[in-house]
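Visitor: Sending over a structure as structure tokens; questions will come in a sec.
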Number of protein chains: 2
Amino acid sequence: MPTYTPPTKDMNFLLHEVLQAQHADIPGYDDMTPDFTSAVLEEAGKLSRDVLAPLNSTGDQEGCVLENGIVRTPKGFKAAFDQMREGGWTGLDCDPKYGGQNMPYLLGTAVGELFVSANMAFNMYQGLTHGAYSAIHTHGTEAQKDTYLERMVACDWTGTMNLTEPHCGTDLGLMRTKAEPAGDGTYKITGTKIFISAGDHDLSDNVIHLVLARIAGAPAGVKGVSLFIVPKYQVNADGSVGNANNVSVGALEEKMGIHGNSTCVMNFDGAIGTLLGEEHKGMRAMFTMMNEARIGVGLQGYAQAEAAYQASREYAKDRLQGRAVTGVENPDGPADPLIVHPDIRRNLMDQKSFVEGARALTFWGANMIDQDHKSDDKDARALVTLLTPVIKGFLTDKGFEMCVQAQQIFGGHGYIEEHGMSQFVRDARITMIYEGANGVQALDLVGRKLAADGGKPIMAFFTMVKNFTKENEGNDALETGFLAPLKSASKDLQTAAMFFMENGMKNPNTALAGSYDFMHLFGHVALGLMWARMGLAANTALEQGAGDATFYKTKLATGRYYMARQLPATKMHLARILSGADTVMALNEEQF
Amino acid sequence: MPTYTPPTKDMNFLLHEVLQAQHADIPGYDDMTPDFTSAVLEEAGKLSRDVLAPLNSTGDQEGCVLENGIVRTPKGFKAAFDQMREGGWTGLDCDPKYGGQNMPYLLGTAVGELFVSANMAFNMYQGLTHGAYSAIHTHGTEAQKDTYLERMVACDWTGTMNLTEPHCGTDLGLMRTKAEPAGDGTYKITGTKIFISAGDHDLSDNVIHLVLARIAGAPAGVKGVSLFIVPKYQVNADGSVGNANNVSVGALEEKMGIHGNSTCVMNFDGAIGTLLGEEHKGMRAMFTMMNEARIGVGLQGYAQAEAAYQASREYAKDRLQGRAVTGVENPDGPADPLIVHPDIRRNLMDQKSFVEGARALTFWGANMIDQDHKSDDKDARALVTLLTPVIKGFLTDKGFEMCVQAQQIFGGHGYIEEHGMSQFVRDARITMIYEGANGVQALDLVGRKLAADGGKPIMAFFTMVKNFTKENEGNDALETGFLAPLKSASKDLQTAAMFFMENGMKNPNTALAGSYDFMHLFGHVALGLMWARMGLAANTALEQGAGDATFYKTKLATGRYYMARQLPATKMHLARILSGADTVMALNEEQF
């Protein structure tokens with residue numbers, strides 16, 4: 001089974017040399033010294049490597065079991081969850097008023113990657129709790145906050161998000177779950193929700209469900225949907241766990257992957273709940289969490305690719321098969337290791353250059369979320385809002401693709417479950433679907449985000465690229481390998497955006513038919529910008545004679561690979577976009 | 001669970017209007033009248049739809065079980081196998097001397113697609129038997145043929161291919177399995193083989209293993225490998241099944257998919273075998289089957305995509321979610337069906353245009369195999385040999401990708417096992433790996449096939465494209481939508497081939513680092529040529545006022561989609577290729 005090596009050095013490079021977090025003017029960032037972040041990442045890395053990673057295949061093989069209405073998690077999960085909780089890892093960036101450690105979201109994101117790479121299904125229990133915590137923290141009354149937040153920060157109680165119903169996923173306006181006022185300020189919630197991650201389990205003393213439902217007489221569609229807090233066990237006035245609520249697990253779903261997480265059908269039969277936020281404004285309350293949640297899923301995509309990459313890299317170094325075409329490299333062995341072969345290199349470099357670029361983009365996104373939340377920086381908020389569907393959609397599509405490539409290096413051994421490569425593929429697959437399927441991300445990007453505020457955010461992005469290339473003109477280390485391809489790719493993105501603007505009014509299908517390609521085009525340009533920035537940081541370090549020159553040279557070489565071998569995809573996406581909607585919409589429904 | 005509709009009309013279109021098989025000057029082809037092929041395909045389609053498809057998920061869920069050394073196949077497999085055998089479906093294109101029906105390989109391929117789409121894991125039992133039949137038919141002595149072939153054509157006895165060992169897959173020169181002459185003309189085979197599909201099961205009375213092994217004193221490497229026939233049960237002089245041979249199942253592999261097929265670890269402990277073909281020429285005997293076997297795997301890739309496409313198409317028509325951006329299309333329902341959304345269309349059109357193009361390429365390949373075998377046409381042999389790694393590698397990569405896209409249309413419902421979409425993805429994944437992993441196909445294409453016979457086959461392909469575009473110049477229906485993109489894509493392929501020739505001598509890594517992209521570039525051009533031919537046939541039919549104009553118009557529209565939306569990939573692959581090997585090979589092993 002794969003082992004996991006926490007990439008803490010790469011993370012510190014991003015935090016300190018690329019983002020220069022400690023010197024950014026954001027409240028709380030001055031604490032982020034290299035010593036501090038190293039200490040945090042080292043400890044989180046140990047937990048990930050030694051406790052979580054070894055449980056990853058256990059979770060996959062055992063899965064969760066529903067017995068007498070109660071969900072049992074795989075062997076070892078409870079002890080590991082306690083260890084995580086006792087180490088204070090569940091409330092890193094949470095409000096200190098409720099026991100949180102008030103660290104930047106950026107650092108929480110880095111730690112999150114380590115946990116997710118080691119064991120994605122396991123980390124979802126606390127990930128969903130964090131989402132529910134944020135919703136209550138932002139929209140809850142003081143009483144609600146006092147009742148729930150301290151226990152949720154500590155993960156004594158975990159949280160869920162109940163949106164989907166059997167007949168409606170993306171289109172939440174079709175929702176049927178009802179909320180009836182009980183007369184005492186509470187509501188009785190009745191309905192069935194499906195695909196509820198961490199819906200029930202044996203890791204915590206209570207499960208706090210956030211449930212979207214429709215109050216009788218509410219307006220039709222999504223404008224009549226409200227959000228409720230519905231605990232599994234009611235909470236007594238003294239804060240202790242009380243009687244069972246009318247909430248039950250209808251079934252556990254059999255899934256392609258993330259077997260270690262309990263995906264439940266939840267039945268609410270007049271369960272007691274309290275309104276979170278305003279009546280009929282439930283969607284708004286959910287959407288304030290959306291950027292974070294979607295960036296979190298983008299992170300899952302590349303974090304799985306990181307774990308899969310590490311396994312395939314080790315296999316490529318160990319497995320002896322064939323001889324290098326340029327001459328024997330392992331004369332004492334019966335064959336050379338796989339890694340001598342150019343096509344294996346291509347595969348590994350695809351993975352490595354994607355993961356490192358994706359990490360940079362995600363960290364930058366987290367950085368901007370801190371700027372938004374801690375400095376009320378509206379420009380940062382607008383830019384991260386624009387980039388969120390790209391981070392979610394592109395990083396999960398590519399993350400999955402890279403897991404498939406990693407599996408491929410193992411040949412037949414990758415197809416059997418024994419080596420754990422199938423699990424990475426099966427687990428990563430869900431990230432393209434949940435928290436808004438990637439087609440919906442593309443629609444959100446092109447249909448909503450692109451034209452937001454008169455297109456200012458996308459213009460700001462283009463300006464950022466332009467300024468970067470201009471400022472570094474004449475830098476020989478960057479010119480050919482980084483700046484030229486970035487400029488060219490960015491121009492493709494501008495052409496596509498312009499095409500949408502010119503044609504989208506006449507025929508909205510033109511933009512929507514190209515939305516998926518636009519999301520990928522944007523993703524490549526964003527990763528190109530990230531690689532250019534990493535290239536600059538690495539080159540600066542080399543010029544300044546920093547130690548470990550090999551590390552920086554490797555960064556430069558990996559970046560050059562991305563620019564030469566991945567950025568050309570922008571031309572393909574642009575051509576598809578410019579072909580318009582005609583061929584896409586040519587058939588009648590009956591012709592399919 | 002998905003139902004399956006045999007695409008017999010599309011198949012007949014290819015056989016009669018595109019390939020014009022009946023009028024091709026190939027022995028046996030004159031029997032292929034539309035009435036005849038329709039009758040065969042209808043019957044095979046019924047069996048596929050009514051018997052095999054309903055067992056597909058059973059096979060996935062139950063899998064095979066090893067009990068007391070004996071493998072039990074899933075419920076219903078035995079009865080279905082008997083039905084297939086009794087219907088004479090197992091020997092369609094086999095030698096009538098041994099009970100075969102002597103039909104063209106082309107027609108056998110069409111029938112094979114139906115079976116594979118309906119139930120890939122099930123069809124492997126007879127598919128592997130067919131491969132072993134071919135090996136014995138080509139290389140066996142008269143005595144061997146008399147002993148085995150009639151039973152294998154009838155699938156009373158099934159066959160296997162035993163190549164892989166734990167430490168060697170692609171690099172068969174490392175093989176350790178030994179063959180010792182027993183003194184009576186037979187050999188004693190000793191060793192362990194892994195990943196043996198259909199290695200043991202309860203569907204037939206005997207299993208005839210073809211085993212690669214090394215005779216004591218043989219030259220090192222692949223030049224010292226011989227092929228042996230090693231039956232599970234020895235065969236008595238009268239042809240009846242005799243004593244057990246020293247062959248046993250070490251274990252069943254737990255795999256990501258194709259659970260309905262028994263993938264075995266096989267142990268040979270001095271098992272009695274007879275030499276098939278010449279001593280030390282085992283690889284050659286295997287390789288004569290290679291074109292067929294690899295085209296068969298390419299077929300599996302697109303056949304799974306066909307089944308997944310059908311399921312996603314039906315779901316997109318049924319599932320109500322959101323409203324069309326251009327105006328409500330289902331005013332009486334709570335929402336419009338998914339299929340109104342442009343990005344869902346893009347997804348479906350990707351699938352449809354790929355599958356139909358892939359089918360055309362595969363049928364054309366099968367057609368050329370008939371030309372080779374039945375007419376000894378050396379040009380056809382050379383061209384199909386060149387195209388084989390493209391058919392195997394490109395069609396399985398894309399077939400898998402399309403299964404993932406089909407799954408995506410189901411959203412969360414695609415991720416749970418209930419709808420069967422996960423199975424298509426998990427089953428299709430193996431096609432990229434077995435029968436030579438796709439990286440090996442790319443290596444074979446660029447390292448071996450491209451330069452074969454001084455590059456004549458690839459030049460013949462280019463000439464074919466050129467002649468086609470020239471002959472159809474001025475045809476308004478084809479000019480913009482088909483000929484122009486085909487010319488441009490073909491030029492990209494020529495540029496890439498030229499680049500390899502110019503640089504490959506100086507630095508072989510240059511060609512190898514671009515081999516995977518070359519395989520995909522070639523695949524797109526080949527499918528582009530297929531679509532241009534189908535476009536011509538459809539347009540001709542329309543001009544001649546053929547019935548069912550909608551069918552032909554749909555073909556033209558689907559082809560235009562492929563040309564506009566898929567062929568632009570050639571530019572990306574070319575750019576990657578032209579970037580050379582430097583960025584690919586820049587890192588030392590330690591830098592990964």
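Letters A, B, ... go to the chains of the structure tokens in the order shown; residues in each chain start at 1; ligands are counted from 1 in the same order.
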Can you build me a table of chain A residues sitting at most 6 Å from chain B, with the closest atom pair per residue and its distance in Å to one decimal, using only C-alpha atoms, sorted by chain and residue number, as CSV?
Guide:
residue,atom,partner,partner_atom,distance
A:Asp171,CA,B:Gln321,CA,5.4
A:Glu254,CA,B:Ile416,CA,5.6
A:Lys255,CA,B:Ile416,CA,4.1
A:Met256,CA,B:Tyr415,CA,5.7
A:Gln321,CA,B:Asp171,CA,5.4
A:Gly322,CA,B:Asp171,CA,5.5
A:Pro342,CA,B:Ala513,CA,4.9
A:Asp343,CA,B:Ala513,CA,5.4
A:Arg346,CA,B:Val584,CA,5.6
A:Gly411,CA,B:Ile433,CA,5.8
A:Tyr415,CA,B:Met256,CA,5.7
A:Ile416,CA,B:Lys255,CA,4.1
A:Glu417,CA,B:Lys255,CA,5.4
A:Ile433,CA,B:Gly411,CA,5.7
A:Leu512,CA,B:Pro342,CA,5.8
A:Ala513,CA,B:Pro342,CA,4.9
A:Tyr561,CA,B:Thr583,CA,5.0
A:Arg565,CA,B:Arg576,CA,5.0
A:Pro568,CA,B:Met572,CA,5.3
A:Ala569,CA,B:Met572,CA,5.4
A:Met572,CA,B:Pro568,CA,5.2
A:Arg576,CA,B:Arg565,CA,5.0
A:Thr583,CA,B:Tyr561,CA,5.0
A:Val584,CA,B:Arg346,CA,5.6
Visitor: Run DSSP on the backbone and tell me which residues of stretch 20-255 of chain A come out as strand (DSSP E or B); list them as a VMD selection string.
Guide: chain A and resid 65 to 67 70 to 72 157 to 162 165 168 178 to 181 187 to 197 206 to 215 225 to 231 233 to 235 241 to 244 247 to 252 255
Visitor: Name the residues in contact with stretch 98-101 of chain B at a cut-off of 10 Å, using only C-alpha atoms, excluding same-chain residues fewer than 6 positions from it; report them as a PyMOL selection string.
Guide: chain B and resi 88-92+137+145-146+148-154
Visitor: Restricting the calculation to only C-alpha atoms: of A:Gln234, A:Thr138, A:Ser353, A:Ser248, which residue gets closest to A:Arg284?
Guide: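 Of A:Gln234, A:Thr138, A:Ser353, A:Ser248, the one nearest A:Arg284 is A:Thr138, counting only C-alpha atoms.
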Visitor: Excluding same-chain residues fewer than 5 positions from B:Lys374, what lies within 9 Å of it counting only C-alpha atoms, as a ChimeraX atom specification?
Guide: /B:26-28,104,369
Visitor: Using only C-alpha atoms, which of the listed residues (B:Asp444, B:Asp25, B:Glu356, B:Glu43) sits closest to B:Pro389?
Guide: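 Result for the nearest residue to B:Pro389: B:Asp444.
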Visitor: Looking at B:Gly447, B:Gly504, B:Gly191, B:Gly393, which one is nearest to B:Phe522, with distances taken over only C-alpha atoms?
Guide: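 Selected residue with least distance to B:Phe522: B:Gly393.
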Visitor: Which residues are near stretch 293-305 of chain B? Cut-off 9 Å, only C-alpha atoms, ignore same chain within fewer than 5 positions. Put them as an MDAnalysis selection string.
Guide: chainID B and resid 109 112:120 127:128 131 310 351:352 354:356 358:359 362 365:366 388:404 406 424:425 427:432 434:436
Visitor: Measure the distance from atom CA of B:Pro2 to atom CA of B:Ala53 in Å and round it to one decimal.
Guide: 8.2 Å
Visitor: May I ask for the distance between atom CA of B:Val71 and atom CA of B:Asn56, given in Å to one decimal place?
Guide: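 Separation between atom CA of B:Val71 and atom CA of B:Asn56: 18.3 Å.
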Visitor: Give me the residues within 10 Å of A:Gly185 as a short mmCIF file (atom, residue, chain, number, x, y, z; two decimals) with N, CA, C and O atoms, in the first residue's frame, counting only C-alpha atoms and dropping any in the same chain fewer than 5 places off.
Guide:
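After the write, selection17.cif holds the following:
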data_model
loop_
_atom_site.label_atom_id
_atom_site.label_comp_id
_atom_site.auth_asym_id
_atom_site.auth_seq_id
_atom_site.Cartn_x
_atom_site.Cartn_y
_atom_site.Cartn_z
N GLY A 273 -36.25 21.55 14.36
CA GLY A 273 -35.13 22.36 13.88
C GLY A 273 -35.35 23.83 14.17
O GLY A 273 -36.48 24.26 14.44
N THR A 274 -34.27 24.58 14.15
CA THR A 274 -34.40 26.04 14.30
C THR A 274 -33.89 26.70 13.03
O THR A 274 -32.98 26.19 12.36
N LEU A 275 -34.50 27.82 12.71
CA LEU A 275 -34.15 28.54 11.49
C LEU A 275 -32.73 29.12 11.61
O LEU A 275 -32.39 29.72 12.63
#
Visitor: Near stretch 458-472 of chain B, counting only C-alpha atoms, which residues have an atom at most 9 Å away, once you skip same-chain residues fewer than 2 positions from it, shown as a PyMOL selection string?
Guide: chain B and resi 379+383+386+449-452+455-456+474-475+478-479+482-484+486-487+490-491+494+497+529+532-533+536
Visitor: Write out as number ranges by chain all residues of stretch 11-150 of chain B that DSSP puts in alpha helix (DSSP H) for this structure's backbone.
Guide: B: 11-12, 34-47, 56-62, 77-86, 105-118, 120-139, 142-150
Visitor: Smallest atom-to-atom distance to A:Gly277: which of A:His139, A:His524, A:His23, A:Lys188, using only C-alpha atoms?
Guide: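 Closest residue, counting only C-alpha atoms: A:His139.
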Visitor: State, in Å with one decimal place, the distance from atom CA of A:Lys178 to atom CA of A:Tyr133.
Guide: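 Atom CA of A:Tyr133 lies at a distance of 23.3 Å from atom CA of A:Lys178.
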